[in-house]
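Trainee: Could you have a look at this structure, given as structure tokens, before my questions?
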Amino acid sequence: MEKIPSVTFGEVEIDKDKVYEFPLGIPGLVGINEYFILEKPELAPFKWLQACQPNYLSLMMLDPVFIDNTYQVTLTEEHTKIIGDCTQEDLIVQSLIVVPEDPKQMTANLIAPLLFNPATRKGMQAVIDGRKNMLRVKVIKD
Amino acid sequence: MLVFSRKKDEAIMVGSDIELKIISIGRDTVKVGINAPRQIAIHRKEIFLAIEEENRNAALKTVNSNQLNFLKGLVKPSDE
């Protein structure tokens with residue numbers, strides 16, 4: 001276990017063995033390749049992508065099936081070359097959530113899901129075929 | 001930036017396994033065909049830039065304690 005100063009939660013303990021390496025990083029978050037999936041039982045199903053390197057950013061995430069129950073990412077060679085082989089059942093898929101001042105207006109990025117392979121502890125941000133309006137999909141329907 | 005002039009059906013090689021081919025030339029759009037190994041990600045640049053910006057938004061808009069409380073409120077009703 002190691003303690004890191006999470007931007008959102010202050011000091012948090014992370015299990016070093018459960019850190020995911022993002023070999024390609026995440027576009028826009030330069031120089032951060034190690035992330036941990038931070039879960040708070042009282043905030044489930046929301047999770048946080050906790051950077052394990054300065055500035056210890058934490059980005060809110062949600063499994064996209066909560067937004068669209070037909071949502072599925074089909075793994076291709078483009079993905080497995082980076083995160084290694086993974087069955088669809090083992091693959092962890094999460095969408096980044098942007099929470100504006102009014103949290104009711106929060107949106108999920110369904111065009112660029114995060115993929116985590118628990119077997120290899122590697123992850124990536126994929127880009128799926130889709131329309132640009134999938135970039136900001138409201139989480140709480142009106 | 002390296003600049004080439006190409007006619008319809010002519011192509012450019014990037015390395016030995018990426019081919020960019022001019023499929024058709026219209027009044028203000030060109031159609032470009034790309035042959036590349038499957039593991040190479042190819043996206044329209046505006047989509048890539050939009051994703052990059054959205055990632056920064058997700059990173060910069062840190063959830064504060066009021067918003068966390070709102071989230072907890074959201075989660076509870078479904079448990080009951």
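Residue numbers start at 1 in each chain; chains themselves are named A, B, ... in the order of the structure tokens; ligands are numbered from 1 in the order shown.
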Check every residue of chain B for an atom within 12 Å of chain A, counting only C-alpha atoms, and provide those that qualify as number ranges by chain.
Mentor: B: 36-76, 78-79
Trainee: I want to know what sits within 6 Å of stretch 5-21 of chain B, based on only C-alpha atoms, with residues of the same chain fewer than 3 positions away left out; could you give that as a ChimeraX atom specification?
Mentor: /B:24,32-36
Trainee: Write out as a PDB file with C-alpha atoms, in the first residue's frame which residues come within 12 Å of A:Gln72 when counting only C-alpha atoms, dropping same-chain ones fewer than 5 positions away.
Mentor:
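Heads up, here's the output in selection.pdb:
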ATOM      1  CA  ASP A  63     -19.416   2.416 -16.546  1.00  0.00           C
ATOM      2  CA  PRO A  64     -21.138   3.586 -19.754  1.00  0.00           C
ATOM      3  CA  VAL A  65     -23.769   0.831 -19.540  1.00  0.00           C
ATOM      4  CA  PHE A  66     -25.410   2.960 -16.839  1.00  0.00           C
ATOM      5  CA  ILE A  67     -26.002   5.575 -19.531  1.00  0.00           C
ATOM      6  CA  GLN A  88     -14.870  -9.145 -23.197  1.00  0.00           C
ATOM      7  CA  GLU A  89     -15.976 -10.348 -19.744  1.00  0.00           C
ATOM      8  CA  LEU A  91     -12.402  -5.985 -19.808  1.00  0.00           C
ATOM      9  CA  ILE A  92     -13.217  -2.981 -17.618  1.00  0.00           C
ATOM     10  CA  VAL A  93     -14.809  -0.112 -19.539  1.00  0.00           C
ATOM     11  CA  GLN A  94     -15.301   3.324 -18.008  1.00  0.00           C
ATOM     12  CA  SER A  95     -16.319   6.707 -19.396  1.00  0.00           C
ATOM     13  CA  LEU A 110     -18.945   7.915 -24.734  1.00  0.00           C
ATOM     14  CA  ILE A 111     -16.747   8.326 -27.790  1.00  0.00           C
ATOM     15  CA  ALA A 112     -13.458   7.747 -25.977  1.00  0.00           C
ATOM     16  CA  PRO A 113     -13.932   5.061 -23.305  1.00  0.00           C
ATOM     17  CA  LEU A 114     -11.142   4.016 -20.992  1.00  0.00           C
ATOM     18  CA  LEU A 115     -10.222   0.345 -21.276  1.00  0.00           C
ATOM     19  CA  ILE A 128     -14.792   4.204 -30.931  1.00  0.00           C
ATOM     20  CA  ASP A 129     -16.578   4.915 -34.162  1.00  0.00           C
TER      21      ASP A 129
END
